[in-house]
Amino acid sequence: MQGREQSGAPQRPRPGVTGLQPDSLAWAIKTAAGCVTDVVAFGRSLTAVLVDLRRQELPPYAVRAQAIDLIYATLRRFGRGDVELSQLLDRPTAEDELRNLLRVSLCWLEMHPEKAHVGVDQAVEAAATLSGGRYRGFVNAILRRALRERIQLDAAIAANDEAHYQHPAWWLRRLKADWPDDWPAIAAGGNRKPPMGLRVNRLRSDVRIYAQKLADAGMAVAPVMPDAGPDALLLSQPQPADSLPGLAEGDVAVQDLGAQQAALLLDVQPGMRVLDACAAPGGKASHLLECAPIELTAVEVDPERCAALRRALDPARFPADRSINVICADAGRPGATWAKRPFDTILLDAPCSGSGVAGRHPDAKWLRRDEDIPTLARTQRYLLKALWPLLKPGGRLLYGTCSLFAQENGWQIEAFLRAVPDARLVTERRLLPDNCHDGFYYALLEKRPV
Ligand code: SAM
């Protein structure tokens with residue numbers, strides 16, 4: 001999935017958070033409320049909002065982490081805050097910042113019921129910085145009422161599907177239609193903090209040696225699913241990436257175990273000419289380069305993301321027997337320079353709704369719309385159609401998304417197989433989000449030899 005800025009949405013100025021102790025919970029609540037407003041009211045992607053937040057002068061790590069945790073948790077609680085506010089407010093307040101300060105505070109109270117009085121006190125402190133402090137008493141009264149009326153609020157949440165399952169109604173409708181048995185588990189998977197998967201760089205280490213390094217650093221690993229592949233490790237507890245031993249040296253990368261399935265399914269061999277058609281930020285491309293000495297062409301349409309891709313695929317990070325060609329272009333318009341010879345293998349990790357990674361990107365629940373799905377499906381179809389002629393007879397193309405909607409996955413591939421006689425389905429894999437990995441879909445296609 002890709003974050004997006006809603007076009008035409010008003011741009012919100014980003015004042016610093018003033019007047020609060022930067023090591024206080026009030027600071028974390030106020031900061032989180034500002035960021036949630038950026039996503040919910042101004043349509044900014046969470047990724048972009050967090051980049052801005054990290055650029056600001058920030059208080060100690062623990063408070064920053066608390067603010068970021070609160071942002072994620074509040075965005076994951078889709079629908080719950082709205083139901084709570086509709087019960088607690090006599091009339092809707094038009095002020096986004098105030099609504100979101102209440103949303104964030106209610107989330108904090110739910111996460112820390114044993115410290116409710118601290119939460120209310122600090123939320124009131126944070127409210128003192130809004131509109132000259134005129135909402136202090138109001139926030140105090142609403143949060144205290146929320147504590148007194150918890151049972152009634154929970155009953156209202158239980159009666160509302162969007163609040164109970166924490167997903168928009170249109171999203172739930174699609175999950176119910178596509179996954180009649182599994183949809184509640186999928187929704188629950190999208191509401192959890194995601195697992196932290198690691199990919200050990202087999203060129204520099206292996207999972208046994210690296211697991212020992214983690215143990216030495218006090219980090220435990222959890223069991224992975226049986227077909228996780230030879231490079232996969234799972235941390236028992238997510239950790240800040242920069243605390244991972246050997247990260248800067250390239251011994252390991254943070255990569256979901258579901259994403260690692262792409263390289264396993266492609267099974268690239270020495271000397272193969274490989275195209276990664278939608279390659280940024282380069283996680284799967286790096287994995288392919290670690291697996292075998294291949295000739296890789298990595299294409300990405302977005303210039304900013306392409307710059308990140310170039311950094312990730314810097315030839316200095318890989319042995320000299322790999323050839324790496326990074327191209328900033330629309331993969332749907334194969335260029336004369338990069339597509340003049342056919343490929344043995346193509347990875348199409350298509351732009352998608354991200355409905356399988358909602359735990360990691362909870363802003364998608366707020367920013368996506370039902371009508372985006374057919375639009376994305378059209379783009380996916382366009383890319384598949386344009387890339388197929390670039391595959392050698394006998395070659396394989398892996399189509400993948402981090403979505404669980406059939407319109408982006410099974411329907412897409414069924415239609416493609418009906419329309420393209422020389423395409424054969426080798427295997428299809430659907431991964432539902434669980435404690436090991438995010439939700440993914442893969443279809444491995446083979447071009448029949450002529
Ligand atoms: N494979 C990547 C990885 O593992 O790090 C993730 C790819 S992400 C799901 C999809 C990417 O496709 C985005 O970076 C997006 O900008 C890019 N993209 C979208 N449309 C494209 C197009 N027409 N041509 C090339 N890239 C495109």
# chains A, B, ... in the order shown; residues from 1 in each chain; ligands from 1
>>> residues_near_ligand(ligand="ligand 1", cutoff="7 Å", atoms="only C-alpha atoms and all ligand atoms", output="MDAnalysis selection string")
chainID A and resid 1:2 259 277:285 299:302 305 329:332 349:352 383 401
>>> write_last_selection(atoms="C-alpha atoms", output="PDB file, in the first residue's frame")
ATOM      1  CA  MET A   1       0.000   0.000   0.000  1.00  0.00           C
ATOM      2  CA  GLN A   2       0.989   3.595  -0.378  1.00  0.00           C
ATOM      3  CA  ALA A 259       6.447  -9.931   2.450  1.00  0.00           C
ATOM      4  CA  ALA A 277       8.066  -3.483 -11.589  1.00  0.00           C
ATOM      5  CA  CYS A 278       6.813  -1.562  -8.509  1.00  0.00           C
ATOM      6  CA  ALA A 279       9.910  -1.637  -6.425  1.00  0.00           C
ATOM      7  CA  ALA A 280      10.088   1.156  -3.817  1.00  0.00           C
ATOM      8  CA  PRO A 281      11.082   1.188  -1.040  1.00  0.00           C
ATOM      9  CA  GLY A 282      12.991  -1.900  -2.122  1.00  0.00           C
ATOM     10  CA  GLY A 283      12.380  -4.507   0.598  1.00  0.00           C
ATOM     11  CA  LYS A 284      11.495  -7.351  -1.772  1.00  0.00           C
ATOM     12  CA  ALA A 285      14.104  -6.283  -4.349  1.00  0.00           C
ATOM     13  CA  VAL A 299      11.187   0.291 -11.641  1.00  0.00           C
ATOM     14  CA  GLU A 300       9.324   2.856  -9.544  1.00  0.00           C
ATOM     15  CA  VAL A 301       7.057   5.639 -10.753  1.00  0.00           C
ATOM     16  CA  ASP A 302       7.228   8.020  -7.781  1.00  0.00           C
ATOM     17  CA  ARG A 305      10.185   6.856  -3.517  1.00  0.00           C
ATOM     18  CA  ALA A 329       9.243   5.275 -14.772  1.00  0.00           C
ATOM     19  CA  ASP A 330       5.676   4.062 -15.150  1.00  0.00           C
ATOM     20  CA  ALA A 331       6.008   0.284 -15.391  1.00  0.00           C
ATOM     21  CA  GLY A 332       2.803   0.266 -17.418  1.00  0.00           C
ATOM     22  CA  ASP A 349       3.995  -5.980  -6.138  1.00  0.00           C
ATOM     23  CA  ALA A 350       1.060  -3.874  -7.146  1.00  0.00           C
ATOM     24  CA  PRO A 351      -0.194  -0.623  -5.622  1.00  0.00           C
ATOM     25  CA  CYS A 352      -3.235  -1.620  -3.547  1.00  0.00           C
ATOM     26  CA  LEU A 383       0.145  -3.082 -15.014  1.00  0.00           C
ATOM     27  CA  THR A 401      -0.773  -7.223  -2.968  1.00  0.00           C
TER      28      THR A 401
END
>>> residues_around(residues="Trp338 in chain A", least_positions_apart="4", cutoff="12 Å", atoms="only C-alpha atoms", output="list in words")
Arg273, Val274, Leu275, Asp276, Ala277, Glu295, Leu296, Thr297, Ala298, Val299, Ile324, Asn325, Val326, Ile327, Cys328, Ala329, Asp330, Ala331, Arg333, Pro334, Pro342, Phe343 and Leu390 of chain A
>>> closest_residue(among="A:Asp69, A:Glu114, A:Asp38, A:Glu149", to="Asn100 in chain A", atoms="only C-alpha atoms")
A:Asp38
>>> residues_around(residues="Ala248 in chain A", least_positions_apart="6", cutoff="12 Å", atoms="only C-alpha atoms", output="PyMOL selection string")
chain A and resi 241-242+254+312+317
>>> residues_around(residues="Val268 in chain A", least_positions_apart="6", cutoff="8 Å", atoms="only C-alpha atoms", output="VMD selection string")
chain A and resid 288 291 to 292 294 345
>>> write_last_selection(atoms="N, CA, C and O atoms", output="mmCIF file, in the first residue's frame")
data_model
loop_
_atom_site.group_PDB
_atom_site.id
_atom_site.type_symbol
_atom_site.label_atom_id
_atom_site.label_comp_id
_atom_site.auth_asym_id
_atom_site.auth_seq_id
_atom_site.Cartn_x
_atom_site.Cartn_y
_atom_site.Cartn_z
ATOM 1 N N LEU A 288 15.557 -10.311 -3.050
ATOM 2 C CA LEU A 288 15.888 -11.060 -4.271
ATOM 3 C C LEU A 288 17.395 -11.006 -4.532
ATOM 4 O O LEU A 288 18.015 -12.015 -4.891
ATOM 5 N N CYS A 291 19.284 -13.321 -2.416
ATOM 6 C CA CYS A 291 19.066 -14.747 -2.685
ATOM 7 C C CYS A 291 19.985 -15.318 -3.765
ATOM 8 O O CYS A 291 20.351 -16.492 -3.710
ATOM 9 N N ALA A 292 20.324 -14.532 -4.778
ATOM 10 C CA ALA A 292 21.126 -15.080 -5.891
ATOM 11 C C ALA A 292 21.753 -13.956 -6.703
ATOM 12 O O ALA A 292 21.241 -12.832 -6.712
ATOM 13 N N ILE A 294 21.757 -12.082 -9.524
ATOM 14 C CA ILE A 294 20.802 -11.870 -10.623
ATOM 15 C C ILE A 294 21.093 -10.525 -11.283
ATOM 16 O O ILE A 294 21.850 -9.709 -10.765
ATOM 17 N N THR A 345 11.920 -13.521 -14.978
ATOM 18 C CA THR A 345 11.021 -13.455 -13.820
ATOM 19 C C THR A 345 10.587 -12.010 -13.615
ATOM 20 O O THR A 345 11.416 -11.109 -13.756
#
>>> closest_residue(among="A:Pro433, A:Gly81, A:Gly258, A:Gly197", to="Asp154 in chain A", atoms="only C-alpha atoms")
A:Gly81
>>> residues_around(residues="range 169-172 of chain A", least_positions_apart="4", cutoff="9 Å", atoms="only C-alpha atoms", output="MDAnalysis selection string")
chainID A and resid 161:162 165 176:177 183:184 187 355 365 369:370 405
>>> write_last_selection(atoms="N, CA and C atoms", output="PDB file, in the first residue's frame")
ATOM      1  N   ASP A 161     -21.497  -1.772  14.405  1.00  0.00           N
ATOM      2  CA  ASP A 161     -20.466  -2.605  13.762  1.00  0.00           C
ATOM      3  C   ASP A 161     -19.165  -1.847  13.505  1.00  0.00           C
ATOM      4  N   GLU A 162     -19.280  -0.604  13.032  1.00  0.00           N
ATOM      5  CA  GLU A 162     -18.052   0.165  12.737  1.00  0.00           C
ATOM      6  C   GLU A 162     -17.210   0.341  13.995  1.00  0.00           C
ATOM      7  N   TYR A 165     -16.110  -3.508  15.408  1.00  0.00           N
ATOM      8  CA  TYR A 165     -15.036  -4.145  14.618  1.00  0.00           C
ATOM      9  C   TYR A 165     -13.954  -3.155  14.203  1.00  0.00           C
ATOM     10  N   LYS A 176     -16.921  -9.208   4.628  1.00  0.00           N
ATOM     11  CA  LYS A 176     -17.964 -10.220   4.852  1.00  0.00           C
ATOM     12  C   LYS A 176     -18.272 -10.973   3.553  1.00  0.00           C
ATOM     13  N   ALA A 177     -18.303 -10.223   2.430  1.00  0.00           N
ATOM     14  CA  ALA A 177     -18.610 -10.864   1.141  1.00  0.00           C
ATOM     15  C   ALA A 177     -17.458 -11.777   0.701  1.00  0.00           C
ATOM     16  N   TRP A 183     -13.983 -13.242   8.266  1.00  0.00           N
ATOM     17  CA  TRP A 183     -13.926 -11.770   8.344  1.00  0.00           C
ATOM     18  C   TRP A 183     -13.735 -11.236   9.765  1.00  0.00           C
ATOM     19  N   PRO A 184     -14.365 -11.842  10.833  1.00  0.00           N
ATOM     20  CA  PRO A 184     -14.127 -11.245  12.166  1.00  0.00           C
ATOM     21  C   PRO A 184     -12.652 -11.354  12.569  1.00  0.00           C
ATOM     22  N   ALA A 187     -10.689  -8.715  10.655  1.00  0.00           N
ATOM     23  CA  ALA A 187     -10.884  -7.377  11.248  1.00  0.00           C
ATOM     24  C   ALA A 187     -10.062  -7.276  12.535  1.00  0.00           C
ATOM     25  N   SER A 355      -5.450  -3.277   2.553  1.00  0.00           N
ATOM     26  CA  SER A 355      -6.426  -3.783   3.528  1.00  0.00           C
ATOM     27  C   SER A 355      -5.873  -4.960   4.352  1.00  0.00           C
ATOM     28  N   LYS A 365      -7.878   3.136   7.085  1.00  0.00           N
ATOM     29  CA  LYS A 365      -9.305   3.027   7.418  1.00  0.00           C
ATOM     30  C   LYS A 365     -10.000   4.379   7.329  1.00  0.00           C
ATOM     31  N   ARG A 369     -11.557   5.024   0.491  1.00  0.00           N
ATOM     32  CA  ARG A 369     -13.001   5.030   0.236  1.00  0.00           C
ATOM     33  C   ARG A 369     -13.329   3.787  -0.583  1.00  0.00           C
ATOM     34  N   ASP A 370     -14.575   3.335  -0.488  1.00  0.00           N
ATOM     35  CA  ASP A 370     -14.987   2.144  -1.240  1.00  0.00           C
ATOM     36  C   ASP A 370     -14.683   2.308  -2.736  1.00  0.00           C
ATOM     37  N   PHE A 405      -8.939  -7.810  -0.293  1.00  0.00           N
ATOM     38  CA  PHE A 405     -10.186  -7.667  -1.050  1.00  0.00           C
ATOM     39  C   PHE A 405     -10.082  -8.461  -2.352  1.00  0.00           C
TER      40      PHE A 405
END
>>> select_by_dssp(residues="range 342-372 of chain A", states="helix (DSSP H, G or I)", output="list in words")
Ala364, Lys365, Trp366, Leu367 and Asp372 of chain A
>>> decode(residues="range 173-189 of chain A", atoms="N, CA, C and O atoms", output="PDB file, in the first residue's frame")
ATOM      1  N   ARG A 173     -18.236  -4.604   4.775  1.00  0.00           N
ATOM      2  CA  ARG A 173     -19.105  -5.227   3.761  1.00  0.00           C
ATOM      3  C   ARG A 173     -18.266  -6.070   2.812  1.00  0.00           C
ATOM      4  O   ARG A 173     -18.606  -7.209   2.490  1.00  0.00           O
ATOM      5  N   ARG A 174     -17.131  -5.529   2.388  1.00  0.00           N
ATOM      6  CA  ARG A 174     -16.266  -6.279   1.471  1.00  0.00           C
ATOM      7  C   ARG A 174     -15.693  -7.525   2.153  1.00  0.00           C
ATOM      8  O   ARG A 174     -15.661  -8.612   1.579  1.00  0.00           O
ATOM      9  N   LEU A 175     -15.226  -7.354   3.401  1.00  0.00           N
ATOM     10  CA  LEU A 175     -14.641  -8.517   4.102  1.00  0.00           C
ATOM     11  C   LEU A 175     -15.683  -9.617   4.275  1.00  0.00           C
ATOM     12  O   LEU A 175     -15.392 -10.801   4.077  1.00  0.00           O
ATOM     13  N   LYS A 176     -16.921  -9.208   4.628  1.00  0.00           N
ATOM     14  CA  LYS A 176     -17.964 -10.220   4.852  1.00  0.00           C
ATOM     15  C   LYS A 176     -18.272 -10.973   3.553  1.00  0.00           C
ATOM     16  O   LYS A 176     -18.478 -12.182   3.560  1.00  0.00           O
ATOM     17  N   ALA A 177     -18.303 -10.223   2.430  1.00  0.00           N
ATOM     18  CA  ALA A 177     -18.610 -10.864   1.141  1.00  0.00           C
ATOM     19  C   ALA A 177     -17.458 -11.777   0.701  1.00  0.00           C
ATOM     20  O   ALA A 177     -17.675 -12.877   0.205  1.00  0.00           O
ATOM     21  N   ASP A 178     -16.216 -11.340   0.919  1.00  0.00           N
ATOM     22  CA  ASP A 178     -15.056 -12.085   0.402  1.00  0.00           C
ATOM     23  C   ASP A 178     -14.610 -13.193   1.347  1.00  0.00           C
ATOM     24  O   ASP A 178     -14.005 -14.170   0.922  1.00  0.00           O
ATOM     25  N   TRP A 179     -14.868 -13.004   2.644  1.00  0.00           N
ATOM     26  CA  TRP A 179     -14.394 -13.948   3.659  1.00  0.00           C
ATOM     27  C   TRP A 179     -15.528 -14.266   4.642  1.00  0.00           C
ATOM     28  O   TRP A 179     -15.462 -13.864   5.816  1.00  0.00           O
ATOM     29  N   PRO A 180     -16.573 -15.004   4.164  1.00  0.00           N
ATOM     30  CA  PRO A 180     -17.752 -15.202   5.009  1.00  0.00           C
ATOM     31  C   PRO A 180     -17.418 -15.837   6.370  1.00  0.00           C
ATOM     32  O   PRO A 180     -18.095 -15.552   7.358  1.00  0.00           O
ATOM     33  N   ASP A 181     -16.384 -16.677   6.429  1.00  0.00           N
ATOM     34  CA  ASP A 181     -16.054 -17.315   7.717  1.00  0.00           C
ATOM     35  C   ASP A 181     -14.991 -16.553   8.498  1.00  0.00           C
ATOM     36  O   ASP A 181     -15.015 -16.532   9.720  1.00  0.00           O
ATOM     37  N   ASP A 182     -14.049 -15.967   7.769  1.00  0.00           N
ATOM     38  CA  ASP A 182     -12.855 -15.423   8.443  1.00  0.00           C
ATOM     39  C   ASP A 182     -12.922 -13.930   8.745  1.00  0.00           C
ATOM     40  O   ASP A 182     -11.990 -13.393   9.344  1.00  0.00           O
ATOM     41  N   TRP A 183     -13.983 -13.242   8.266  1.00  0.00           N
ATOM     42  CA  TRP A 183     -13.926 -11.770   8.344  1.00  0.00           C
ATOM     43  C   TRP A 183     -13.735 -11.236   9.765  1.00  0.00           C
ATOM     44  O   TRP A 183     -12.967 -10.267   9.944  1.00  0.00           O
ATOM     45  N   PRO A 184     -14.365 -11.842  10.833  1.00  0.00           N
ATOM     46  CA  PRO A 184     -14.127 -11.245  12.166  1.00  0.00           C
ATOM     47  C   PRO A 184     -12.652 -11.354  12.569  1.00  0.00           C
ATOM     48  O   PRO A 184     -12.087 -10.422  13.145  1.00  0.00           O
ATOM     49  N   ALA A 185     -12.009 -12.487  12.222  1.00  0.00           N
ATOM     50  CA  ALA A 185     -10.587 -12.647  12.573  1.00  0.00           C
ATOM     51  C   ALA A 185      -9.726 -11.676  11.772  1.00  0.00           C
ATOM     52  O   ALA A 185      -8.742 -11.132  12.288  1.00  0.00           O
ATOM     53  N   ILE A 186     -10.106 -11.439  10.514  1.00  0.00           N
ATOM     54  CA  ILE A 186      -9.335 -10.491   9.690  1.00  0.00           C
ATOM     55  C   ILE A 186      -9.459  -9.082  10.276  1.00  0.00           C
ATOM     56  O   ILE A 186      -8.469  -8.355  10.411  1.00  0.00           O
ATOM     57  N   ALA A 187     -10.689  -8.715  10.655  1.00  0.00           N
ATOM     58  CA  ALA A 187     -10.884  -7.377  11.248  1.00  0.00           C
ATOM     59  C   ALA A 187     -10.062  -7.276  12.535  1.00  0.00           C
ATOM     60  O   ALA A 187      -9.366  -6.274  12.761  1.00  0.00           O
ATOM     61  N   ALA A 188     -10.104  -8.326  13.352  1.00  0.00           N
ATOM     62  CA  ALA A 188      -9.329  -8.288  14.607  1.00  0.00           C
ATOM     63  C   ALA A 188      -7.839  -8.165  14.290  1.00  0.00           C
ATOM     64  O   ALA A 188      -7.105  -7.425  14.954  1.00  0.00           O
ATOM     65  N   GLY A 189      -7.377  -8.871  13.251  1.00  0.00           N
ATOM     66  CA  GLY A 189      -5.959  -8.803  12.850  1.00  0.00           C
ATOM     67  C   GLY A 189      -5.570  -7.384  12.445  1.00  0.00           C
ATOM     68  O   GLY A 189      -4.467  -6.923  12.729  1.00  0.00           O
TER      69      GLY A 189
END
